[in-house]
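This is entry-v9.cif. It holds mmCIF, C-alpha atoms.
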data_final
#
loop_
_atom_site.label_atom_id
_atom_site.label_comp_id
_atom_site.auth_asym_id
_atom_site.auth_seq_id
_atom_site.Cartn_x
_atom_site.Cartn_y
_atom_site.Cartn_z
CA MET A 1 36.37 24.10 7.46
CA LYS A 2 36.82 20.90 5.50
CA LEU A 3 40.25 20.38 7.07
CA ILE A 4 38.89 20.89 10.59
CA PHE A 5 36.12 18.39 9.89
CA PHE A 6 38.66 15.87 8.63
CA LEU A 7 40.90 16.37 11.67
CA ILE A 8 38.00 15.86 14.10
CA PHE A 9 36.90 12.83 12.10
CA LEU A 10 40.39 11.36 12.35
CA LEU A 11 40.64 12.17 16.07
CA THR A 12 37.36 10.40 16.79
CA GLY A 13 38.24 7.28 14.83
CA LEU A 14 41.79 6.95 16.13
CA SER A 15 40.90 7.52 19.77
CA GLY A 16 38.10 4.96 19.38
CA LEU A 17 40.68 2.50 18.12
CA MET A 18 43.00 3.30 21.03
CA THR A 19 40.13 2.83 23.50
CA VAL A 20 39.85 -0.79 22.52
CA LEU A 21 43.54 -1.55 22.01
CA THR A 22 45.13 0.07 25.08
CA LYS A 23 46.25 -2.24 27.86
CA ASP A 24 45.83 0.16 30.77
CA LEU A 25 42.17 0.63 31.65
CA PHE A 26 42.71 4.18 32.92
CA ARG A 27 44.10 5.31 29.57
CA SER A 28 41.30 3.47 27.86
CA ALA A 29 38.77 5.60 29.74
CA LEU A 30 40.68 8.76 28.79
CA TYR A 31 40.68 7.77 25.12
CA LEU A 32 36.94 7.08 25.40
CA GLY A 33 36.52 10.63 26.66
CA LEU A 34 38.41 11.89 23.61
CA THR A 35 36.14 9.85 21.32
CA LEU A 36 33.00 11.22 22.95
CA PHE A 37 34.39 14.75 22.72
CA GLY A 38 35.06 14.26 19.01
CA THR A 39 31.53 12.98 18.50
CA GLY A 40 30.17 16.05 20.28
CA LEU A 41 32.17 18.26 17.94
CA LEU A 42 30.75 16.35 14.98
CA TYR A 43 27.25 17.08 16.29
CA LEU A 44 28.22 20.74 16.35
CA PHE A 45 29.30 20.40 12.73
CA MET A 46 25.88 19.01 11.88
CA GLY A 47 24.30 22.07 13.46
CA TYR A 48 22.95 20.37 16.58
CA ASP A 49 24.26 22.92 19.07
CA PHE A 50 22.27 21.76 22.06
CA VAL A 51 22.97 18.08 21.48
CA GLY A 52 26.68 18.65 20.95
CA TRP A 53 27.18 20.64 24.12
CA THR A 54 25.00 18.21 26.09
CA GLN A 55 27.14 15.37 24.84
CA ILE A 56 30.33 17.12 25.93
CA LEU A 57 28.86 18.15 29.29
CA VAL A 58 27.20 14.88 30.25
CA TYR A 59 29.60 12.39 28.72
CA VAL A 60 33.01 13.99 29.01
CA GLY A 61 32.20 15.88 32.18
CA GLY A 62 30.09 13.28 33.94
CA VAL A 63 30.36 9.75 32.64
CA VAL A 64 34.11 9.67 31.97
CA LEU A 65 34.78 11.21 35.37
CA LEU A 66 32.63 8.50 36.96
CA MET A 67 34.54 5.85 35.03
CA ILE A 68 37.88 7.21 36.21
CA PHE A 69 36.68 7.21 39.82
CA THR A 70 35.44 3.64 39.50
CA ILE A 71 38.68 2.47 37.93
CA MET A 72 40.61 4.05 40.78
CA LEU A 73 38.34 2.37 43.35
CA ALA A 74 38.40 -1.06 41.72
CA ARG A 75 42.09 -1.83 41.77
CA GLU A 76 43.91 -3.66 44.46
CA SER A 77 46.70 -1.17 45.05
CA ILE A 78 47.44 2.27 43.77
CA MET A 79 50.80 1.22 42.42
CA ARG A 80 49.48 -1.57 40.20
CA PRO A 81 47.52 -0.37 37.17
CA LEU A 82 44.35 -2.28 36.34
CA GLU A 83 45.37 -4.70 33.63
CA ASN A 84 42.92 -5.10 30.84
CA THR A 85 43.84 -8.46 29.42
CA VAL A 86 42.21 -9.74 26.31
CA ARG A 87 40.57 -13.12 25.89
CA ASN A 88 40.42 -14.83 22.46
CA PRO A 89 41.09 -11.72 20.36
CA PHE A 90 41.01 -13.47 16.99
CA THR A 91 37.45 -14.78 17.21
CA SER A 92 36.18 -11.42 18.47
CA GLY A 93 38.12 -9.57 15.80
CA LEU A 94 36.67 -11.85 13.14
CA PHE A 95 33.14 -11.19 14.41
CA ALA A 96 33.78 -7.44 14.51
CA ILE A 97 35.11 -7.40 10.95
CA LEU A 98 32.15 -9.48 9.74
CA ILE A 99 29.68 -7.08 11.36
CA PHE A 100 31.58 -4.14 9.86
CA LEU A 101 31.34 -5.62 6.37
CA LEU A 102 27.64 -6.41 6.86
CA LEU A 103 26.91 -2.84 7.93
CA LEU A 104 28.97 -1.53 5.03
CA LEU A 105 26.75 -3.58 2.73
CA VAL A 106 23.65 -2.16 4.39
CA GLY A 107 25.01 1.36 4.02
CA LYS A 108 25.39 0.91 0.27
CA THR A 109 21.60 0.86 -0.05
CA PHE A 110 21.03 4.27 1.55
CA TYR A 111 20.86 7.51 -0.32
CA PHE A 112 22.42 10.38 1.61
CA SER A 113 21.19 13.82 0.76
CA PRO A 114 21.97 16.49 3.32
CA ILE A 115 18.57 18.11 3.85
CA GLY A 116 19.46 19.40 7.29
CA LEU A 117 17.27 20.64 10.08
CA GLU A 118 16.40 24.02 11.37
CA LYS A 119 19.16 25.19 13.65
CA ASP A 120 16.86 26.70 16.23
CA ILE A 121 16.67 25.11 19.67
CA THR A 122 12.91 25.66 19.90
CA PHE A 123 12.20 22.80 17.53
CA LEU A 124 13.43 20.40 20.22
CA SER A 125 11.25 21.88 22.93
CA ASN A 126 8.28 21.94 20.56
CA LEU A 127 8.94 18.32 19.78
CA ILE A 128 9.09 17.34 23.44
CA PHE A 129 6.39 19.45 25.02
CA GLN A 130 3.86 19.91 22.23
CA SER A 131 3.70 16.47 20.74
CA LYS A 132 3.46 12.86 21.79
CA TYR A 133 6.89 12.73 23.40
CA VAL A 134 5.97 14.39 26.68
CA ILE A 135 4.98 11.13 28.45
CA PRO A 136 8.25 9.32 27.53
CA PHE A 137 10.14 12.39 28.72
CA GLU A 138 8.48 12.30 32.14
CA ILE A 139 8.94 8.53 32.41
CA LEU A 140 12.61 9.03 31.63
CA SER A 141 12.99 11.43 34.53
CA ILE A 142 11.40 8.91 36.91
CA LEU A 143 13.74 6.24 35.52
CA LEU A 144 16.74 8.48 36.20
CA LEU A 145 15.60 9.03 39.78
CA VAL A 146 15.09 5.31 40.39
CA ALA A 147 18.46 4.43 38.85
CA PHE A 148 20.35 6.94 40.96
CA MET A 149 18.64 5.77 44.14
CA GLY A 150 19.44 2.18 43.19
CA ALA A 151 23.09 3.08 42.63
CA ILE A 152 23.30 4.75 46.03
CA ILE A 153 21.68 1.77 47.77
CA LEU A 154 23.91 -0.72 45.96
CA SER A 155 27.20 0.98 46.66
CA LYS A 156 26.46 2.05 50.21
CA ARG A 157 28.59 0.35 52.84
CA ASP A 158 26.37 -0.87 55.67
CA MET B 1 29.92 17.89 5.58
CA ASP B 2 30.33 14.39 4.27
CA LEU B 3 27.47 12.24 5.53
CA LYS B 4 28.78 9.04 3.98
CA ALA B 5 32.07 9.44 5.84
CA LEU B 6 30.16 9.97 9.09
CA PHE B 7 28.20 6.79 8.44
CA TYR B 8 31.47 4.89 7.95
CA LEU B 9 32.83 6.39 11.17
CA SER B 10 29.71 5.30 13.00
CA ILE B 11 29.91 1.68 11.85
CA PHE B 12 33.65 1.66 12.51
CA LEU B 13 33.05 2.72 16.11
CA PHE B 14 30.29 0.10 16.41
CA SER B 15 32.63 -2.67 15.26
CA LEU B 16 35.36 -1.49 17.63
CA GLY B 17 32.91 -1.55 20.53
CA LEU B 18 31.75 -5.03 19.56
CA TYR B 19 35.35 -6.21 19.49
CA GLY B 20 35.91 -4.69 22.93
CA VAL B 21 32.79 -6.24 24.43
CA LEU B 22 33.71 -9.67 23.10
CA SER B 23 37.40 -9.64 23.93
CA ARG B 24 37.91 -7.78 27.19
CA ARG B 25 38.11 -9.73 30.43
CA ASN B 26 37.57 -6.88 32.85
CA ALA B 27 33.95 -5.89 33.45
CA LEU B 28 34.93 -2.21 33.45
CA GLY B 29 36.53 -2.65 30.04
CA ILE B 30 33.34 -4.27 28.77
CA LEU B 31 31.29 -1.30 29.99
CA ILE B 32 33.70 1.16 28.34
CA SER B 33 33.37 -0.68 25.03
CA LEU B 34 29.60 -0.73 25.45
CA GLU B 35 29.77 3.04 25.73
CA LEU B 36 31.46 3.16 22.33
CA ILE B 37 28.56 1.18 20.86
CA PHE B 38 25.98 3.55 22.38
CA ASN B 39 27.93 6.51 21.07
CA SER B 40 28.02 5.14 17.55
CA ALA B 41 24.28 4.46 17.65
CA ASN B 42 23.66 8.04 18.76
CA LEU B 43 25.87 9.36 15.98
CA ASN B 44 23.89 7.26 13.51
CA PHE B 45 20.59 8.69 14.76
CA GLY B 46 21.88 12.23 14.39
CA LEU B 47 23.29 11.55 10.96
CA PHE B 48 20.09 10.06 9.56
CA SER B 49 18.05 12.79 11.20
CA PHE B 50 20.21 15.26 9.28
CA ALA B 51 20.05 13.28 6.06
CA TRP B 52 16.29 12.83 5.99
CA GLY B 53 15.22 16.07 7.68
CA ASP B 54 13.38 14.32 10.50
CA PRO B 55 13.87 15.96 13.92
CA SER B 56 12.86 12.95 16.05
CA GLY B 57 16.35 11.48 15.64
CA VAL B 58 17.78 14.39 17.63
CA LEU B 59 15.27 13.69 20.38
CA THR B 60 16.42 10.07 20.40
CA ILE B 61 19.99 11.27 20.99
CA ILE B 62 18.87 13.21 24.06
CA PHE B 63 16.97 10.18 25.39
CA GLY B 64 19.89 7.92 24.53
CA ILE B 65 22.41 10.08 26.37
CA SER B 66 20.37 10.04 29.58
CA ILE B 67 19.66 6.29 29.39
CA THR B 68 23.37 5.60 28.81
CA ALA B 69 24.31 7.74 31.79
CA LEU B 70 22.01 5.84 34.13
CA GLU B 71 23.07 2.49 32.73
CA ILE B 72 26.70 3.39 33.42
CA VAL B 73 25.87 4.52 36.97
CA VAL B 74 24.07 1.30 37.86
CA GLY B 75 26.63 -0.90 36.11
CA PHE B 76 29.56 0.72 37.87
CA SER B 77 27.92 0.50 41.27
CA ILE B 78 27.32 -3.23 40.70
CA ILE B 79 30.96 -3.65 39.71
CA ILE B 80 32.15 -1.83 42.83
CA LEU B 81 29.90 -4.08 44.94
CA LEU B 82 31.32 -7.18 43.27
CA PHE B 83 34.85 -5.89 43.74
CA ARG B 84 34.15 -5.46 47.44
CA LEU B 85 32.89 -9.04 47.68
CA ARG B 86 35.38 -10.82 45.45
CA ARG B 87 38.43 -8.51 45.18
CA THR B 88 38.31 -8.83 41.42
CA SER B 89 36.55 -7.15 38.55
CA ASN B 90 37.25 -9.77 35.91
CA ALA B 91 34.01 -10.89 34.37
CA ASP B 92 34.96 -14.55 34.07
CA GLU B 93 36.03 -14.91 37.71
CA ILE B 94 32.67 -13.76 39.06
CA GLU B 95 30.44 -16.80 39.44
CA ILE B 96 28.04 -15.88 42.23
CA LEU B 97 25.00 -16.68 40.09
CA LYS B 98 26.33 -20.12 39.14
CA GLY B 99 24.24 -22.11 41.62
#
Mind converting the file's structure to structure tokens?
Amino acid sequence: MKLIFFLIFLLTGLSGLMTVLTKDLFRSALYLGLTLFGTGLLYLFMGYDFVGWTQILVYVGGVVLLMIFTIMLARESIMRPLENTVRNPFTSGLFAILIFLLLLLVGKTFYFSPIGLEKDITFLSNLIFQSKYVIPFEILSILLLVAFMGAIILSKRD
Amino acid sequence: MDLKALFYLSIFLFSLGLYGVLSRRNALGILISLELIFNSANLNFGLFSFAWGDPSGVLTIIFGISITALEIVVGFSIIILLFRLRRTSNADEIEILKG
């Protein structure tokens, strides 16, 4: 179990690294899918069954597919891969490393004790429908509808 | 189940996404890196929800996943529109708003 956790951990980190470093944008999207899949598996390890499978379904099944379609649409010819050139990598890398060190410093102050949650799915539905989160949930559904209509209107050829 | 290691993974993914957002020229690449940042934030919510026994972090993941999905949909449709107008998806060659 520990070995499997370590392997998934390594898979997530390395494919995240490859997402940023790969030249070809198509492969970058595929590596992103691998990262999101690994994160979903980590949610499963934490006992969040519903969240893990939702992550895999929505992200890997939906969002990455959408990205791949968009990348295929937004290149000038099929033969030429979409180059993903990098502009001033040293400054950005410096900023990223600084933020990493800052967050590392912040993380030193936390005390991690795995309390855990109840594994049952009903705690989520209780949280949504029997507490104060029901209005944000409904607003979120309206937001989704508006965003999808906006996307259709924007990308429609008239 | 090593929560500290998961925290390090989360901030590692966040830094990688920040590097990608700052350094990539293509707008699609910027959106992909942004997705890494959202993912690391979601992982952090889940991890602290587990560590402190507070279930509202899990709810935030669900909300975050749906908001990320719609952000990606709108962003990609804008990029496709720009590609149709300008034949490029490089973020520094698009200057329609320049005035």
Step by step, work through what the PyMOL selection byres ((chain A) within 7 of (chain B)) selects in the shown file, and finish by giving those residues as an MDAnalysis selection string. chainID A and resid 13 16:17 20 25 29 51 63 70 74 84:89 92:93 96:97 99:100 103 112:117 124 144 147 151 154:155
So how far away is CA of Thr122 (chain A) from CA of Phe50 (chain A), in Å? 10.4 Å
Computed interatomic separation between CA of Ser15 (chain A) and CA of Val106 (chain A) (Å): 25.1 Å
For Gly64 (chain B), which residue among B:Phe45, B:Glu95, B:Leu34, B:Arg86 is the nearest when counting all atoms listed in the file?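 Ranking B:Phe45, B:Glu95, B:Leu34, B:Arg86 by distance to Gly64 (chain B), first place goes to B:Phe45.
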Taken to one decimal, the CA of Gly57 (chain B)-CA of Phe37 (chain A) distance is 19.7 Å
Please provide as JSON, numbers by chain all residues within 8 Å of Leu11 (chain A), with the sequence filter that same-chain residues fewer than 3 positions apart are discarded (counting all atoms listed in the file). {"A": [7, 8, 14, 15, 34, 35, 38]}
To test the calculation: enclose all listed atoms of region 84-95 of chain B in a box whose edges run along x, y and z, add 8 Å on each side, then state centre and edge lengths in Å to one decimal, as JSON.
{"center_x": 34.4, "center_y": -11.1, "center_z": 40.9, "size_x": 24.0, "size_y": 27.3, "size_z": 29.6}
Closest of A:Gly150, A:Gly33, A:Gly107, A:Pro136 to Tyr59 (chain A), counting only C-alpha atoms, is A:Gly33
With N, CA and C atoms as the target, complete region 64-87 of chain B and hand it back as a compact mmCIF listing (two decimals), keeping the file's coordinate frame.
# COMPACT_ATOMS: atom_id res chain seq x y z
N GLY B 64 18.82 8.91 24.48
CA GLY B 64 19.89 7.92 24.53
C GLY B 64 21.00 8.32 25.48
N ILE B 65 21.35 9.63 25.49
CA ILE B 65 22.41 10.08 26.37
C ILE B 65 22.01 9.85 27.83
N SER B 66 20.75 10.19 28.17
CA SER B 66 20.37 10.04 29.58
C SER B 66 20.28 8.57 29.97
N ILE B 67 19.77 7.72 29.06
CA ILE B 67 19.66 6.29 29.39
C ILE B 67 21.06 5.68 29.54
N THR B 68 22.00 6.10 28.68
CA THR B 68 23.37 5.60 28.81
C THR B 68 23.98 6.02 30.13
N ALA B 69 23.74 7.26 30.53
CA ALA B 69 24.31 7.74 31.79
C ALA B 69 23.80 6.90 32.95
N LEU B 70 22.50 6.61 32.99
CA LEU B 70 22.01 5.84 34.13
C LEU B 70 22.43 4.38 34.06
N GLU B 71 22.58 3.86 32.86
CA GLU B 71 23.07 2.49 32.73
C GLU B 71 24.50 2.38 33.26
N ILE B 72 25.32 3.41 32.95
CA ILE B 72 26.70 3.39 33.42
C ILE B 72 26.75 3.50 34.94
N VAL B 73 25.87 4.34 35.51
CA VAL B 73 25.87 4.52 36.97
C VAL B 73 25.54 3.21 37.65
N VAL B 74 24.47 2.54 37.20
CA VAL B 74 24.07 1.30 37.86
C VAL B 74 25.11 0.21 37.63
N GLY B 75 25.63 0.12 36.40
CA GLY B 75 26.63 -0.90 36.11
C GLY B 75 27.88 -0.74 36.95
N PHE B 76 28.34 0.50 37.09
CA PHE B 76 29.56 0.72 37.87
C PHE B 76 29.33 0.45 39.34
N SER B 77 28.14 0.79 39.85
CA SER B 77 27.92 0.50 41.27
C SER B 77 27.86 -1.00 41.51
N ILE B 78 27.31 -1.77 40.56
CA ILE B 78 27.32 -3.23 40.70
C ILE B 78 28.74 -3.76 40.66
N ILE B 79 29.58 -3.19 39.79
CA ILE B 79 30.96 -3.65 39.71
C ILE B 79 31.72 -3.35 40.99
N ILE B 80 31.47 -2.16 41.57
CA ILE B 80 32.15 -1.83 42.83
C ILE B 80 31.71 -2.79 43.93
N LEU B 81 30.41 -3.12 43.94
CA LEU B 81 29.90 -4.08 44.94
C LEU B 81 30.57 -5.43 44.77
N LEU B 82 30.69 -5.89 43.53
CA LEU B 82 31.32 -7.18 43.27
C LEU B 82 32.79 -7.14 43.64
N PHE B 83 33.43 -6.00 43.39
CA PHE B 83 34.85 -5.89 43.74
C PHE B 83 35.03 -5.98 45.25
N ARG B 84 34.06 -5.41 45.99
CA ARG B 84 34.15 -5.46 47.44
C ARG B 84 33.98 -6.89 47.94
N LEU B 85 33.13 -7.66 47.25
CA LEU B 85 32.89 -9.04 47.68
C LEU B 85 34.01 -9.97 47.26
N ARG B 86 34.50 -9.82 46.03
CA ARG B 86 35.38 -10.82 45.45
C ARG B 86 36.83 -10.37 45.26
N ARG B 87 37.12 -9.11 45.44
CA ARG B 87 38.43 -8.51 45.18
C ARG B 87 38.86 -8.67 43.74
